[in-house]
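Asks: Questions regarding the structure given below will be posed in turn.
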Amino acid sequence: MNSHETLLTVKDLVTRFDIRSGIFRQVSHRVHAVESASFEIGVGETLALVGESGSGKSTIGRSILQLDMPRSGSVNFCGQELLGLSHKELRPFRKRAQIIFQDPFGSLDPRMTVGRIIAEPIIIHGEAKKDELRERVLSLLERVDLGSEHMSRYPHAFSGGQRQRICIARVLGLNPSLIIADESVAALDVTIQAQVINLLMDLQAEQSISFLFISHDMAVVERIAHRVAVMYAGEIVEIGGRRDIFNNPQHSYTKKLLGSVPVADPRQRRTSRRINIDEIPSVIHPVDYEPVHLPFRHVKDNHYVREEL
Amino acid sequence: MRENRVIEVKELKVCFRLDKGVVVDAVKGVSFHIDKGETVALVGESGSGKSVTAMSLMRLIENAGGEIVGGDISLRGRSNNVVDIHSQTESAMQDIRGADVSMIFQEPMTSLNPVLPIGFQISEAIMRHQNKSKNKAMKIALETLRLVRVPEPESRLGQYPHNLSGGMRQRVMIAMALCCRPSLMIADEPTTALDVTIQAQILDLMKLLQEEIGMSVLFITHDMAVVAEVADRICVMFQGEIVEQGSVYEIFENPTHGYTRSLLAAVPRLGSMAEKEHPEKFPIDKMKDTFEPGELRG
């Protein structure tokens, strides 16, 4: 952590999705994707959001950017409350908070050249004059170790790792203070994954960028994160420093998650794992359902765990 | 072929013929063998030829546009007879697939038929290979679902794939692969699409079943951590060749080939950061778009 200054404060964030049915398309059920999520991210800090598919971790990222509309709660960025702002009022924030998605094949327009893709957000936000634009794009390409010859090529000509680097270059063009990386390295081969993670860490060191690193891969998270929040069925069940979570997990789900991760060392093979076919409870509830939130227990320092029944 | 071997692959070469006479050599002379009851992992990155190798063992690669242009594949079937896979006719291969060798894939949703009940899909293979009546086949299907620890197997028989979670679907896939008790199961990235807690259950299950049935497994994956958990021996594939093979301990503790070393350096290991106060970069060289085979040799 470079600083203890807080960049983003999320408090009691709730995001639910309506499920409609019947002839009048009335709301019959709701998906309680995120329930009462609270956390902070400091300047230059990486908070990893971990959990399994359907636990709501991507929805938190999307709710911060209001790509999914939160139902209630507060998202405070640099002292400014974001929920309730108009589309126009949000624009300066959108410039400073960027997102990189998992699938670099789906997030690049196949009919635009790489130069154009990287230039587009800079043009939209009026960040550079026309004559500076080429320079800017070239320096961004160089920053992610791609040569100038790639500028006029199309996304299909690139490998997965290169495409993800193009996505990173596009995001960097706006000098963001927060990058939400939603499973950004999950689709890459390990050698490429390691390179992209190293690049992200270099960028953080150079520009004090904060990351919300959304991932299901505990081993990757252990490398990159300063702090970790564990999600289970829409709720954050444990949050704390990286070493607190990994070395001293408190919640039964965190323990189960860590116990399930295969270790890349044949001498540490776990032979005595029990076959356990518990599944994560459904987060779909009837309309009148009011969730009960158990309180957090303070473990030590900034390590909190939700009480269990 | 030695008595204790289930499959022996010698100098397998597979290519794809594209338009305008362009030929892609996907597998360039690969040799390996699997002993009875052994788990061999074929590891490598996307495009290294590991799935093409697996598909060739089943002679499924021809349906995917590939062509086996050289080499031998000998397989010891359930009745201890050795067959030369390369020279079999398509109809003979249909008798072998599912009975002597079976395969499970990464994405259980796309490999199950969405409009047929689970019970029907499992019993289909039993009726085809074991000449059983419909009722008898359904009974065996039920037993197999029990074997793969599907809870409430009776009610699952009539359910459709969309009724099941990802982990349950993969159990059903394994049940289909095991219902004829093959001597070799090829598992192509069987846990890649699953959450880590479900992955742990499926890996446990596969290990357990392997002991119970005594079959051999060819495990194809890109995930070195999974390999460390399951494999007895490892073949590392890179650009269509096996660049290094050895026991799981040899490969992890004393890798000799440059590519294996870079692969292992890039693998995040849980617990490796336990003593470190700050996040740390991976101990790898600066970005390279591909590994140059020339500089890795020697």
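FYI, nothing fancy with the structure tokens labels: chains A, B, ... in order, residues from 1 per chain, ligands from 1 as they appear.
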For the helix (DSSP H, G or I) assignment from backbone DSSP, which residues of range 156-295 of chain B qualify? Please present them as number ranges by chain.

Replies: B: 156, 161-163, 166-178, 196-213, 224-230, 248-253, 258-265, 293-295

Asks: With C-alpha atoms retained, export the selected residues as an mmCIF file, in the first residue's frame.

Replies:
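Result file is result.cif:
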```cif
data_model
loop_
_atom_site.group_PDB
_atom_site.id
_atom_site.type_symbol
_atom_site.label_atom_id
_atom_site.label_comp_id
_atom_site.auth_asym_id
_atom_site.auth_seq_id
_atom_site.Cartn_x
_atom_site.Cartn_y
_atom_site.Cartn_z
ATOM 1 C CA ARG B 156 -32.143 -37.833 -11.485
ATOM 2 C CA PRO B 161 -29.255 -31.532 -18.194
ATOM 3 C CA HIS B 162 -30.642 -28.053 -17.485
ATOM 4 C CA ASN B 163 -32.002 -29.300 -14.155
ATOM 5 C CA GLY B 166 -22.306 -27.784 -13.451
ATOM 6 C CA GLY B 167 -20.752 -30.200 -10.967
ATOM 7 C CA MET B 168 -23.670 -32.634 -11.249
ATOM 8 C CA ARG B 169 -23.517 -32.503 -15.039
ATOM 9 C CA GLN B 170 -19.844 -33.370 -14.960
ATOM 10 C CA ARG B 171 -20.697 -36.312 -12.675
ATOM 11 C CA VAL B 172 -23.241 -37.462 -15.251
ATOM 12 C CA MET B 173 -20.593 -37.161 -17.981
ATOM 13 C CA ILE B 174 -18.248 -39.286 -15.895
ATOM 14 C CA ALA B 175 -21.058 -41.796 -15.326
ATOM 15 C CA MET B 176 -21.572 -42.045 -19.091
ATOM 16 C CA ALA B 177 -17.853 -42.537 -19.589
ATOM 17 C CA LEU B 178 -17.625 -45.218 -16.911
ATOM 18 C CA VAL B 196 -12.753 -24.570 -7.363
ATOM 19 C CA THR B 197 -14.768 -26.239 -4.598
ATOM 20 C CA ILE B 198 -16.618 -28.311 -7.221
ATOM 21 C CA GLN B 199 -13.326 -29.011 -8.976
ATOM 22 C CA ALA B 200 -11.953 -30.434 -5.741
ATOM 23 C CA GLN B 201 -14.978 -32.742 -5.460
ATOM 24 C CA ILE B 202 -14.658 -33.979 -9.038
ATOM 25 C CA LEU B 203 -10.896 -34.573 -8.720
ATOM 26 C CA ASP B 204 -11.504 -36.506 -5.500
ATOM 27 C CA LEU B 205 -14.210 -38.510 -7.196
ATOM 28 C CA MET B 206 -12.033 -39.361 -10.193
ATOM 29 C CA LYS B 207 -9.228 -40.525 -7.928
ATOM 30 C CA LEU B 208 -11.625 -42.650 -5.904
ATOM 31 C CA LEU B 209 -13.243 -44.203 -8.977
ATOM 32 C CA GLN B 210 -9.874 -44.957 -10.477
ATOM 33 C CA GLU B 211 -9.018 -47.027 -7.404
ATOM 34 C CA GLU B 212 -12.399 -48.745 -7.423
ATOM 35 C CA ILE B 213 -12.433 -49.607 -11.119
ATOM 36 C CA MET B 224 -0.272 -27.225 -13.340
ATOM 37 C CA ALA B 225 -1.821 -27.166 -9.872
ATOM 38 C CA VAL B 226 -4.415 -29.746 -10.910
ATOM 39 C CA VAL B 227 -1.627 -31.818 -12.457
ATOM 40 C CA ALA B 228 0.295 -31.770 -9.198
ATOM 41 C CA GLU B 229 -2.812 -33.149 -7.481
ATOM 42 C CA VAL B 230 -3.685 -35.991 -9.831
ATOM 43 C CA VAL B 248 5.292 -35.755 -11.411
ATOM 44 C CA TYR B 249 8.153 -35.254 -8.940
ATOM 45 C CA GLU B 250 10.845 -35.092 -11.621
ATOM 46 C CA ILE B 251 8.939 -32.496 -13.625
ATOM 47 C CA PHE B 252 8.005 -30.278 -10.702
ATOM 48 C CA GLU B 253 11.270 -30.502 -8.820
ATOM 49 C CA GLY B 258 13.443 -24.400 -20.837
ATOM 50 C CA TYR B 259 9.767 -24.346 -21.632
ATOM 51 C CA THR B 260 8.836 -26.491 -18.627
ATOM 52 C CA ARG B 261 10.853 -24.147 -16.444
ATOM 53 C CA SER B 262 9.097 -21.022 -17.754
ATOM 54 C CA LEU B 263 5.738 -22.750 -17.421
ATOM 55 C CA LEU B 264 6.389 -23.622 -13.782
ATOM 56 C CA ALA B 265 7.716 -20.137 -12.983
ATOM 57 C CA PRO B 293 11.594 -22.771 -29.824
ATOM 58 C CA GLY B 294 15.179 -22.123 -30.952
ATOM 59 C CA GLU B 295 16.229 -20.336 -27.817
#
```

Asks: Near chain B, meaning an atom within 6 Å, which residues of chain A appear when counting only C-alpha atoms? Write them as a VMD selection string.

Replies: chain A and resid 52 189 to 191 194 to 195 198 219 to 220 223 to 224 260 262 to 266 269 275

Asks: Hey, what does DSSP flag as strand (DSSP E) within range 70-299 of chain A? Can you give it to me as a ChimeraX atom specification?

Replies: /A:72-77,80-81,97-100,178-182,210-215,227-232,235-241,284-286,296-299

Asks: Excluding Ala137 in chain B and any residue of its chain fewer than 5 positions from it, enumerate the residues within 6 Å of it, using only C-alpha atoms, and give them as a PDB file with N, CA and C atoms, in the first residue's frame.

Replies:
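The resulting file, part.pdb, is reproduced below:
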```pdb
ATOM      1  N   SER B 123     -28.010 -44.803 -20.465  1.00  0.00           N
ATOM      2  CA  SER B 123     -28.347 -46.176 -20.839  1.00  0.00           C
ATOM      3  C   SER B 123     -28.134 -46.438 -22.328  1.00  0.00           C
ATOM      4  N   ILE B 126     -24.914 -48.100 -22.777  1.00  0.00           N
ATOM      5  CA  ILE B 126     -24.930 -49.464 -22.258  1.00  0.00           C
ATOM      6  C   ILE B 126     -25.630 -50.396 -23.245  1.00  0.00           C
ATOM      7  N   LYS B 132     -27.681 -54.913 -23.759  1.00  0.00           N
ATOM      8  CA  LYS B 132     -28.627 -55.121 -22.669  1.00  0.00           C
ATOM      9  C   LYS B 132     -30.004 -54.597 -23.085  1.00  0.00           C
TER      10      LYS B 132
END
```

Asks: Between CA of Leu218 in chain B and CA of Leu42 in chain B, measure the distance and give it in Å to one decimal.

Replies: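 According to the coordinates, CA of Leu218 in chain B and CA of Leu42 in chain B are separated by 7.1 Å.
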
Asks: For His285 in chain A, work out the shell of residues within 8 Å, counting only C-alpha atoms and skipping chain neighbours fewer than 4 positions away, then give it as an mmCIF file with C-alpha atoms, in the first residue's frame.

Replies:
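File result30.cif, as written:
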```
data_model
loop_
_atom_site.group_PDB
_atom_site.id
_atom_site.type_symbol
_atom_site.label_atom_id
_atom_site.label_comp_id
_atom_site.auth_asym_id
_atom_site.auth_seq_id
_atom_site.Cartn_x
_atom_site.Cartn_y
_atom_site.Cartn_z
ATOM 1 C CA HIS A 29 -38.974 -13.204 -7.531
ATOM 2 C CA ARG A 30 -35.773 -11.280 -7.139
ATOM 3 C CA VAL A 31 -32.163 -12.349 -7.559
ATOM 4 C CA HIS A 32 -30.384 -10.988 -4.507
ATOM 5 C CA TYR A 289 -38.313 -11.796 1.307
#
```

Asks: Just the number, please: distance in Å from CA of Arg297 in chain A to CA of Asn76 in chain A, one decimal.

Replies: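 Separating CA of Arg297 in chain A from CA of Asn76 in chain A is a distance of 24.0 Å.
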
Asks: Could you work out how far CA of Asp288 in chain A lies from CA of Ser21 in chain A, giving the answer in Å with one decimal?

Replies: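 Rounded to one decimal, the two atoms are 15.4 Å apart.
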
Asks: Quick one: of A:Pro286, A:Gly61, A:Gly161, A:Gly259, who's nearest to Ile180 in chain A, counting only C-alpha atoms?

Replies: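 Smallest separation from Ile180 in chain A among the options: A:Gly61.
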
Asks: Excluding Arg242 in chain A and its own-chain neighbours fewer than 3 positions away, which residues fall within 8 Å of it when counting only C-alpha atoms? Please give them as a PyMOL selection string.

Replies: chain A and resi 222+225-228+245-246

Asks: Excluding Arg233 in chain B and residues on its chain fewer than 5 positions from it, collect all residues at most 7 Å away from it, counting only C-alpha atoms, and give them as a PyMOL selection string.

Replies: chain B and resi 39-41+246-248

Asks: Give me, as CSV, the closest atom pair and its distance (Å, one decimal) for every residue of range 232-284 of chain B within a cut-off of 7 Å of range 16-34 of chain B, counting only C-alpha atoms, rows sorted by chain and rising number.

Replies:
```
residue,atom,partner,partner_atom,distance
B:Gly240,CA,B:Val27,CA,4.2
B:Glu241,CA,B:Lys28,CA,5.7
B:Ile242,CA,B:Val30,CA,6.1
```

Asks: Take the selection from the previous step and output its residues with C-alpha atoms, as a JSON list (two decimals), in the first residue's frame.

Replies:
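Below you can see selection-v1.json, which holds the result:
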```json
[["chain", "number", "residue", "atom", "x", "y", "z"],
["B", 240, "GLY", "CA", 3.02, -30.06, -31.20],
["B", 241, "GLU", "CA", 5.81, -31.94, -29.49],
["B", 242, "ILE", "CA", 6.33, -33.53, -26.10]]
```

Asks: Which residues come within 10 Å of Pro281 in chain A, counting only C-alpha atoms, excluding same-chain residues fewer than 4 positions away, as a list in words?

Replies: Ser55, Tyr232 and Ala233 of chain A

Asks: With only C-alpha atoms as the basis for distance, which of A:Asp103, A:Glu290, A:Glu5, A:Glu308 is at the shortest distance from Gly79 in chain A?

Replies: A:Glu5

Asks: Between A:His125, A:Ser107, A:Phe24, A:Arg71, which is the closest to Lys88 in chain A once you count only C-alpha atoms?

Replies: A:His125
